[in-house]
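Pasting coords-v5.cif here (mmCIF, C-alpha atoms):
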```
data_input
#
loop_
_atom_site.label_atom_id
_atom_site.label_comp_id
_atom_site.auth_asym_id
_atom_site.auth_seq_id
_atom_site.Cartn_x
_atom_site.Cartn_y
_atom_site.Cartn_z
CA MET A 1 11.78 -21.01 -23.41
CA SER A 2 9.61 -18.35 -21.77
CA ALA A 3 10.35 -17.07 -18.26
CA LYS A 4 7.27 -18.94 -17.05
CA GLU A 5 8.52 -22.25 -18.51
CA LYS A 6 12.02 -21.63 -17.12
CA ILE A 7 10.53 -20.95 -13.69
CA GLN A 8 8.25 -23.98 -13.81
CA SER A 9 11.07 -26.33 -14.77
CA THR A 10 13.30 -24.83 -12.06
CA ILE A 11 10.61 -25.35 -9.43
CA ASP A 12 10.03 -28.92 -10.61
CA SER A 13 13.77 -29.72 -10.60
CA ALA A 14 14.31 -29.63 -6.83
CA ASP A 15 12.32 -30.26 -3.64
CA VAL A 16 13.20 -26.85 -2.20
CA VAL A 17 13.87 -23.82 -4.44
CA LEU A 18 14.63 -20.30 -3.24
CA PHE A 19 14.38 -17.43 -5.69
CA MET A 20 16.62 -14.81 -4.10
CA LYS A 21 18.86 -11.81 -4.70
CA GLY A 22 22.39 -13.23 -4.82
CA SER A 23 23.27 -16.83 -3.92
CA LYS A 24 23.06 -18.96 -0.77
CA SER A 25 26.73 -18.30 -0.05
CA MET A 26 26.65 -14.64 -1.25
CA PRO A 27 23.19 -13.16 -0.60
CA GLN A 28 22.79 -9.60 -1.90
CA CYS A 29 19.81 -8.46 0.15
CA GLY A 30 18.91 -8.64 3.84
CA PHE A 31 15.62 -10.43 3.28
CA SER A 32 17.12 -13.02 0.92
CA SER A 33 20.03 -13.48 3.29
CA ARG A 34 17.69 -14.16 6.21
CA VAL A 35 15.73 -16.91 4.42
CA ALA A 36 18.86 -18.48 2.90
CA GLY A 37 20.47 -18.27 6.34
CA VAL A 38 17.58 -20.11 8.02
CA LEU A 39 17.66 -22.86 5.39
CA ASN A 40 21.44 -23.19 5.60
CA PHE A 41 21.36 -23.27 9.42
CA MET A 42 18.61 -25.90 9.37
CA GLY A 43 20.70 -28.02 6.97
CA VAL A 44 18.02 -27.94 4.27
CA GLU A 45 19.17 -28.86 0.77
CA PHE A 46 17.88 -26.21 -1.62
CA SER A 47 18.48 -24.86 -5.08
CA ASP A 48 19.12 -21.08 -5.04
CA VAL A 49 18.16 -19.01 -8.07
CA ASP A 50 19.77 -15.55 -8.30
CA VAL A 51 17.07 -13.32 -9.80
CA LEU A 52 19.58 -10.49 -10.14
CA SER A 53 21.35 -12.42 -12.89
CA ASP A 54 18.19 -12.78 -15.01
CA PRO A 55 15.76 -9.81 -15.26
CA ASP A 56 13.13 -12.03 -16.97
CA ILE A 57 13.13 -14.35 -13.97
CA ARG A 58 13.14 -11.39 -11.55
CA GLN A 59 9.89 -10.06 -13.04
CA GLY A 60 8.56 -13.44 -14.16
CA ILE A 61 8.62 -14.94 -10.67
CA LYS A 62 6.49 -12.07 -9.35
CA ASP A 63 3.87 -12.72 -12.02
CA PHE A 64 4.17 -16.49 -11.59
CA SER A 65 3.21 -16.41 -7.90
CA ASP A 66 1.33 -13.09 -7.92
CA TRP A 67 3.74 -12.00 -5.18
CA PRO A 68 5.65 -8.72 -5.60
CA THR A 69 8.76 -9.36 -3.55
CA ILE A 70 11.91 -11.44 -3.45
CA PRO A 71 12.88 -13.87 -1.87
CA GLN A 72 10.29 -16.51 -2.67
CA LEU A 73 10.44 -20.04 -1.25
CA TYR A 74 8.98 -23.07 -3.06
CA VAL A 75 8.70 -26.52 -1.46
CA LYS A 76 7.73 -29.43 -3.73
CA GLY A 77 6.56 -26.98 -6.39
CA GLU A 78 4.35 -24.98 -4.00
CA PHE A 79 4.87 -21.30 -3.14
CA VAL A 80 5.30 -21.08 0.65
CA GLY A 81 6.01 -17.39 1.16
CA GLY A 82 8.46 -14.53 1.35
CA CYS A 83 10.80 -13.43 4.13
CA ASP A 84 8.08 -12.40 6.62
CA ILE A 85 6.10 -15.61 6.27
CA ILE A 86 9.17 -17.86 6.43
CA THR A 87 10.36 -16.00 9.53
CA GLU A 88 6.95 -16.41 11.22
CA MET A 89 6.75 -20.08 10.21
CA THR A 90 10.25 -20.77 11.48
CA LEU A 91 9.51 -19.25 14.87
CA SER A 92 6.09 -20.94 15.18
CA GLY A 93 7.38 -24.37 14.11
CA GLU A 94 5.12 -24.49 11.05
CA LEU A 95 8.16 -24.70 8.78
CA ASP A 96 9.29 -27.85 10.59
CA GLN A 97 5.82 -29.37 10.08
CA LEU A 98 5.82 -28.40 6.40
CA PHE A 99 9.18 -30.08 5.85
CA GLU A 100 8.00 -33.18 7.73
CA THR A 101 4.77 -33.52 5.74
CA LYS A 102 6.60 -32.90 2.45
CA GLY A 103 9.44 -35.29 3.35
CA VAL A 104 12.20 -32.66 3.29
CA THR A 105 15.13 -33.49 5.59
CA TYR A 106 16.16 -30.78 8.03
CA ASN A 107 17.94 -30.50 11.37
CA LYS A 108 15.34 -30.33 14.17
CA GLU A 109 17.86 -29.23 16.87
CA ALA A 110 18.97 -26.35 14.64
CA ALA A 111 15.34 -25.26 14.22
CA ASP A 112 14.86 -25.40 18.00
CA LYS A 113 18.05 -23.33 18.46
CA ILE A 114 16.63 -20.60 16.18
CA ARG A 115 13.48 -20.50 18.28
CA GLU A 116 15.43 -20.38 21.56
CA ALA A 117 17.62 -17.58 20.21
CA ASN A 118 14.49 -15.62 19.26
CA GLY A 119 12.88 -16.19 22.71
CA MET B 1 10.72 9.05 -4.34
CA ALA B 2 10.33 7.58 -0.86
CA MET B 3 6.89 7.08 0.68
CA GLU B 4 5.31 8.45 3.85
CA ALA B 5 3.54 6.40 6.53
CA HIS B 6 0.20 8.00 5.71
CA ASP B 7 0.64 7.17 1.98
CA ILE B 8 1.03 3.50 2.80
CA GLU B 9 -1.81 3.53 5.31
CA ALA B 10 -4.12 5.33 2.84
CA LEU B 11 -3.45 2.71 0.15
CA ILE B 12 -4.14 -0.17 2.54
CA ARG B 13 -7.14 1.65 4.10
CA ALA B 14 -8.71 2.01 0.65
CA SER B 15 -8.93 -1.77 0.38
CA PHE B 16 -9.44 -2.48 4.09
CA PRO B 17 -11.67 0.35 5.43
CA GLU B 18 -12.36 -1.36 8.80
CA ALA B 19 -8.83 -2.66 9.41
CA LYS B 20 -6.55 -1.73 12.30
CA ILE B 21 -3.37 -0.61 10.48
CA THR B 22 -0.04 0.12 12.20
CA ILE B 23 2.82 1.47 10.08
CA THR B 24 6.34 1.56 11.56
CA ASP B 25 9.35 3.25 9.97
CA LEU B 26 12.15 0.68 10.30
CA ALA B 27 15.08 2.70 9.04
CA GLY B 28 14.02 6.36 8.97
CA ASP B 29 14.69 6.54 5.23
CA GLY B 30 11.08 6.32 4.00
CA ASN B 31 11.91 3.07 2.22
CA HIS B 32 11.99 0.40 4.93
CA TRP B 33 8.61 -0.01 6.60
CA ALA B 34 6.74 -2.52 8.74
CA ALA B 35 2.96 -2.73 8.51
CA GLU B 36 0.57 -4.69 10.68
CA VAL B 37 -2.94 -5.11 9.29
CA VAL B 38 -5.66 -6.65 11.47
CA ASP B 39 -8.89 -7.18 9.57
CA GLU B 40 -11.97 -9.40 9.81
CA SER B 41 -11.65 -10.29 6.11
CA PHE B 42 -8.48 -12.28 6.92
CA ARG B 43 -10.35 -14.80 9.07
CA GLY B 44 -10.02 -18.22 7.47
CA MET B 45 -7.34 -17.05 4.99
CA ASN B 46 -3.80 -18.43 5.19
CA ARG B 47 -0.88 -16.01 5.47
CA VAL B 48 -0.05 -16.04 1.77
CA GLN B 49 -3.64 -15.14 0.86
CA GLN B 50 -3.79 -12.42 3.51
CA GLN B 51 -0.52 -10.82 2.45
CA ARG B 52 -1.33 -11.15 -1.25
CA ALA B 53 -4.46 -9.09 -0.59
CA VAL B 54 -2.44 -6.38 1.17
CA TYR B 55 0.19 -6.32 -1.60
CA ALA B 56 -2.63 -5.96 -4.13
CA SER B 57 -3.88 -2.88 -2.24
CA LEU B 58 -0.44 -1.30 -2.68
CA LYS B 59 -1.06 -1.24 -6.44
CA GLY B 60 2.41 -1.94 -7.71
CA LYS B 61 4.21 0.41 -5.34
CA MET B 62 5.93 -2.61 -3.85
CA ASP B 63 9.41 -3.14 -5.36
CA GLY B 64 7.94 -1.92 -8.65
CA ALA B 65 9.80 -0.22 -11.51
CA GLN B 66 10.29 2.94 -9.44
CA GLY B 67 10.54 0.73 -6.33
CA GLU B 68 9.08 3.44 -4.13
CA LEU B 69 8.47 0.81 -1.51
CA HIS B 70 11.57 -1.34 -1.35
CA ALA B 71 10.95 -3.04 1.93
CA LEU B 72 7.68 -3.65 3.75
CA ALA B 73 7.72 -6.19 6.58
CA LEU B 74 4.12 -7.37 6.69
CA THR B 75 2.19 -8.93 9.55
CA THR B 76 -1.46 -9.77 8.92
CA LYS B 77 -4.11 -11.41 11.09
CA ALA B 78 -7.82 -11.50 11.88
CA PRO B 79 -8.89 -9.82 15.15
CA GLU B 80 -8.54 -12.19 18.13
#
```
Show this structure as structure tokens.
Amino acid sequence: MSAKEKIQSTIDSADVVLFMKGSKSMPQCGFSSRVAGVLNFMGVEFSDVDVLSDPDIRQGIKDFSDWPTIPQLYVKGEFVGGCDIITEMTLSGELDQLFETKGVTYNKEAADKIREANG
Amino acid sequence: MAMEAHDIEALIRASFPEAKITITDLAGDGNHWAAEVVDESFRGMNRVQQQRAVYASLKGKMDGAQGELHALALTTKAPE
């Protein structure tokens, strides 16, 4: 199975998939840790894929989405963004809307708390 | 080999000649940067499209094999 096929089937296998360095409980990079942290705090169920454990995936995902950095968040098979975009969307409330339109359960109070904490 | 602010700005400027570009050194190690790019061409584009265009201008310097540019916090928008 090529990296592309592996990636496609991974993305199709869960509503929310985060390609990251490390895992949701043991992130290995500040940017990955921030996005995983937001998702964990907001109680979002997601499948974490550690790109450090598979060099084909690490390069393949960058070609797949034409996006050069990790982490990369996918919701219902669609690339949403990297750390900067997810941070901006969390603070603006766009991430809440995305989850609502895509039918992904999340904790609204937690999302509001993140926004309050970031003033 | 770490990068300098003007290297990053020159790469982005080559693709966005009219843009307002602000480069900030986040960690003082030449490897953790923030860049804000304000350009008319972003109007009507969503964030992913805007940032993809900026990453393309960096021609593989971003987290590439040599990883000269490990971290670049990007903010992009069209002029208000």
Decode the PyMOL selection byres ((chain A) within 9 of (chain B)) for the given file into explicit residues and return them as a ChimeraX atom specification.
/A:31,66-70,79-85
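When you apply the PyMOL selection byres ((chain A and resi 92-109) around 6) to this structure, what comes back is Met42, Gly43, Val44, Met89, Thr90, Leu91, Ala110, Ala111 and Asp112 of chain A.
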Write a file of the selected residues as a PDB file, keeping the file's coordinate frame, keeping C-alpha atoms.
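Full text of out24.pdb as output:
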```pdb
ATOM      1  CA  MET A  42      18.610 -25.900   9.370  1.00  0.00           C
ATOM      2  CA  GLY A  43      20.700 -28.020   6.970  1.00  0.00           C
ATOM      3  CA  VAL A  44      18.020 -27.940   4.270  1.00  0.00           C
ATOM      4  CA  MET A  89       6.750 -20.080  10.210  1.00  0.00           C
ATOM      5  CA  THR A  90      10.250 -20.770  11.480  1.00  0.00           C
ATOM      6  CA  LEU A  91       9.510 -19.250  14.870  1.00  0.00           C
ATOM      7  CA  ALA A 110      18.970 -26.350  14.640  1.00  0.00           C
ATOM      8  CA  ALA A 111      15.340 -25.260  14.220  1.00  0.00           C
ATOM      9  CA  ASP A 112      14.860 -25.400  18.000  1.00  0.00           C
TER      10      ASP A 112
END
```
Matched chain/residue IDs from the PyMOL selection byres ((chain A and resi 50) around 10), as a ChimeraX atom specification:
/A:18-24,26-28,32,47-49,51-55,57-58,71
Using all atoms of segment 45-48 of chain B that appear in the file, construct an axis-aligned enclosing box with 5 Å of padding on every side and provide its centre coordinates and edge lengths in Å, rounded to one decimal, as lines of an AutoDock Vina configuration file.
```
center_x = -3.7
center_y = -17.2
center_z = 3.6
size_x = 17.3
size_y = 12.4
size_z = 13.7
```
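Nearest to Phe42 of chain B of all the residues B:Leu11, B:Val54, B:Thr22, B:Gly28 is B:Val54, based on all atoms listed in the file.
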Take atom CA of Leu73 of chain A and atom CA of Met45 of chain B and report the distance between them in Å, one decimal.
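Atom-to-atom, atom CA of Leu73 of chain A and atom CA of Met45 of chain B are spaced 19.1 Å apart.
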Counting all atoms listed in the file, which of B:Trp33, B:Gln50, B:Glu40, B:Pro17 gets nearest to Glu68 of chain B?
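Using all atoms listed in the file, the shortest distance to Glu68 of chain B belongs to B:Trp33.
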Work out how far apart atom CA of Cys29 of chain A and atom CA of Ser9 of chain A are and give it in Å to one decimal.
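Computed distance, atom CA of Cys29 of chain A to atom CA of Ser9 of chain A, equals 24.9 Å.
Among A:Asp63, A:Glu78, A:Glu116, A:Glu88, the residue with the shortest atom-to-atom distance to Ala3 of chain A, counting all atoms listed in the file, is A:Asp63.
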What is the atom CA of Val17 of chain A-atom CA of Ala35 of chain B distance in Å, reported with one decimal?
27.0 Å
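For the set A:Thr87, A:Lys4, A:Gly60, A:Ala14, the residue with the smallest atom-to-atom gap to Asn118 of chain A is A:Thr87, counting all atoms listed in the file.
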Across A:Asp56, A:Val38, A:Gly77, A:Gln72, the smallest distance to Ile114 of chain A, with only C-alpha atoms counted, is shown by A:Val38
Taking (-6.6, -12.2, 13.3) in the file's own coordinates, collect the residues within 8 Å, counting all atoms listed in the file, and hand them back as a short mmCIF file (atom, residue, chain, number, x, y, z; two decimals) with C-alpha atoms, keeping the file's coordinate frame.
```
data_model
loop_
_atom_site.label_atom_id
_atom_site.label_comp_id
_atom_site.auth_asym_id
_atom_site.auth_seq_id
_atom_site.Cartn_x
_atom_site.Cartn_y
_atom_site.Cartn_z
CA VAL B 38 -5.66 -6.65 11.47
CA ASP B 39 -8.89 -7.18 9.57
CA GLU B 40 -11.97 -9.40 9.81
CA PHE B 42 -8.48 -12.28 6.92
CA ARG B 43 -10.35 -14.80 9.07
CA THR B 76 -1.46 -9.77 8.92
CA LYS B 77 -4.11 -11.41 11.09
CA ALA B 78 -7.82 -11.50 11.88
CA PRO B 79 -8.89 -9.82 15.15
CA GLU B 80 -8.54 -12.19 18.13
#
```
Shortest contact to Glu18 of chain B, candidates B:Ser57, B:Ser41, B:Asn31, B:Asn46, atoms counted only C-alpha atoms, goes to B:Ser41
How about completing segment 82-109 of chain A with N, CA and C atoms and giving it to me as a PDB file, keeping the file's coordinate frame?
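result.pdb, freshly written:
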```pdb
ATOM      1  N   GLY A  82       7.268 -15.370   1.413  1.00  0.00           N
ATOM      2  CA  GLY A  82       8.460 -14.530   1.350  1.00  0.00           C
ATOM      3  C   GLY A  82       9.126 -14.488   2.716  1.00  0.00           C
ATOM      4  N   CYS A  83       9.985 -13.484   2.905  1.00  0.00           N
ATOM      5  CA  CYS A  83      10.800 -13.430   4.130  1.00  0.00           C
ATOM      6  C   CYS A  83       9.938 -13.385   5.392  1.00  0.00           C
ATOM      7  N   ASP A  84       8.900 -12.535   5.399  1.00  0.00           N
ATOM      8  CA  ASP A  84       8.080 -12.400   6.620  1.00  0.00           C
ATOM      9  C   ASP A  84       7.436 -13.712   6.993  1.00  0.00           C
ATOM     10  N   ILE A  85       6.841 -14.378   5.977  1.00  0.00           N
ATOM     11  CA  ILE A  85       6.100 -15.610   6.270  1.00  0.00           C
ATOM     12  C   ILE A  85       7.063 -16.710   6.716  1.00  0.00           C
ATOM     13  N   ILE A  86       8.217 -16.802   6.054  1.00  0.00           N
ATOM     14  CA  ILE A  86       9.170 -17.860   6.430  1.00  0.00           C
ATOM     15  C   ILE A  86       9.684 -17.606   7.851  1.00  0.00           C
ATOM     16  N   THR A  87       9.896 -16.319   8.172  1.00  0.00           N
ATOM     17  CA  THR A  87      10.360 -16.000   9.530  1.00  0.00           C
ATOM     18  C   THR A  87       9.306 -16.430  10.552  1.00  0.00           C
ATOM     19  N   GLU A  88       8.034 -16.045  10.293  1.00  0.00           N
ATOM     20  CA  GLU A  88       6.950 -16.410  11.220  1.00  0.00           C
ATOM     21  C   GLU A  88       6.827 -17.926  11.347  1.00  0.00           C
ATOM     22  N   MET A  89       6.912 -18.622  10.188  1.00  0.00           N
ATOM     23  CA  MET A  89       6.750 -20.080  10.210  1.00  0.00           C
ATOM     24  C   MET A  89       7.899 -20.765  10.921  1.00  0.00           C
ATOM     25  N   THR A  90       9.098 -20.168  10.784  1.00  0.00           N
ATOM     26  CA  THR A  90      10.250 -20.770  11.480  1.00  0.00           C
ATOM     27  C   THR A  90      10.050 -20.666  12.981  1.00  0.00           C
ATOM     28  N   LEU A  91       9.651 -19.485  13.421  1.00  0.00           N
ATOM     29  CA  LEU A  91       9.510 -19.250  14.870  1.00  0.00           C
ATOM     30  C   LEU A  91       8.322 -20.018  15.438  1.00  0.00           C
ATOM     31  N   SER A  92       7.278 -20.256  14.637  1.00  0.00           N
ATOM     32  CA  SER A  92       6.090 -20.940  15.180  1.00  0.00           C
ATOM     33  C   SER A  92       6.237 -22.453  15.065  1.00  0.00           C
ATOM     34  N   GLY A  93       7.225 -22.924  14.272  1.00  0.00           N
ATOM     35  CA  GLY A  93       7.380 -24.370  14.110  1.00  0.00           C
ATOM     36  C   GLY A  93       6.627 -24.907  12.907  1.00  0.00           C
ATOM     37  N   GLU A  94       5.891 -24.027  12.218  1.00  0.00           N
ATOM     38  CA  GLU A  94       5.120 -24.490  11.050  1.00  0.00           C
ATOM     39  C   GLU A  94       6.032 -24.930   9.921  1.00  0.00           C
ATOM     40  N   LEU A  95       7.237 -24.323   9.859  1.00  0.00           N
ATOM     41  CA  LEU A  95       8.160 -24.700   8.780  1.00  0.00           C
ATOM     42  C   LEU A  95       8.639 -26.132   9.002  1.00  0.00           C
ATOM     43  N   ASP A  96       8.907 -26.469  10.277  1.00  0.00           N
ATOM     44  CA  ASP A  96       9.290 -27.850  10.590  1.00  0.00           C
ATOM     45  C   ASP A  96       8.193 -28.803  10.106  1.00  0.00           C
ATOM     46  N   GLN A  97       6.935 -28.474  10.453  1.00  0.00           N
ATOM     47  CA  GLN A  97       5.820 -29.370  10.080  1.00  0.00           C
ATOM     48  C   GLN A  97       5.727 -29.518   8.560  1.00  0.00           C
ATOM     49  N   LEU A  98       5.903 -28.358   7.866  1.00  0.00           N
ATOM     50  CA  LEU A  98       5.820 -28.400   6.400  1.00  0.00           C
ATOM     51  C   LEU A  98       6.867 -29.356   5.851  1.00  0.00           C
ATOM     52  N   PHE A  99       8.115 -29.199   6.341  1.00  0.00           N
ATOM     53  CA  PHE A  99       9.180 -30.080   5.850  1.00  0.00           C
ATOM     54  C   PHE A  99       8.848 -31.540   6.157  1.00  0.00           C
ATOM     55  N   GLU A 100       8.319 -31.785   7.349  1.00  0.00           N
ATOM     56  CA  GLU A 100       8.000 -33.180   7.730  1.00  0.00           C
ATOM     57  C   GLU A 100       6.932 -33.743   6.802  1.00  0.00           C
ATOM     58  N   THR A 101       5.851 -32.965   6.585  1.00  0.00           N
ATOM     59  CA  THR A 101       4.770 -33.520   5.740  1.00  0.00           C
ATOM     60  C   THR A 101       5.238 -33.678   4.290  1.00  0.00           C
ATOM     61  N   LYS A 102       6.181 -32.815   3.851  1.00  0.00           N
ATOM     62  CA  LYS A 102       6.600 -32.900   2.450  1.00  0.00           C
ATOM     63  C   LYS A 102       7.836 -33.804   2.280  1.00  0.00           C
ATOM     64  N   GLY A 103       8.309 -34.371   3.437  1.00  0.00           N
ATOM     65  CA  GLY A 103       9.440 -35.290   3.350  1.00  0.00           C
ATOM     66  C   GLY A 103      10.744 -34.597   2.986  1.00  0.00           C
ATOM     67  N   VAL A 104      10.938 -33.391   3.541  1.00  0.00           N
ATOM     68  CA  VAL A 104      12.200 -32.660   3.290  1.00  0.00           C
ATOM     69  C   VAL A 104      13.062 -32.798   4.545  1.00  0.00           C
ATOM     70  N   THR A 105      14.296 -33.306   4.395  1.00  0.00           N
ATOM     71  CA  THR A 105      15.130 -33.490   5.590  1.00  0.00           C
ATOM     72  C   THR A 105      15.644 -32.146   6.093  1.00  0.00           C
ATOM     73  N   TYR A 106      15.655 -32.017   7.426  1.00  0.00           N
ATOM     74  CA  TYR A 106      16.160 -30.780   8.030  1.00  0.00           C
ATOM     75  C   TYR A 106      16.637 -31.129   9.432  1.00  0.00           C
ATOM     76  N   ASN A 107      17.378 -30.229  10.049  1.00  0.00           N
ATOM     77  CA  ASN A 107      17.940 -30.500  11.370  1.00  0.00           C
ATOM     78  C   ASN A 107      17.029 -29.898  12.435  1.00  0.00           C
ATOM     79  N   LYS A 108      16.336 -30.785  13.182  1.00  0.00           N
ATOM     80  CA  LYS A 108      15.340 -30.330  14.170  1.00  0.00           C
ATOM     81  C   LYS A 108      16.005 -29.516  15.283  1.00  0.00           C
ATOM     82  N   GLU A 109      17.213 -29.984  15.770  1.00  0.00           N
ATOM     83  CA  GLU A 109      17.860 -29.230  16.870  1.00  0.00           C
ATOM     84  C   GLU A 109      18.170 -27.807  16.408  1.00  0.00           C
TER      85      GLU A 109
END
```
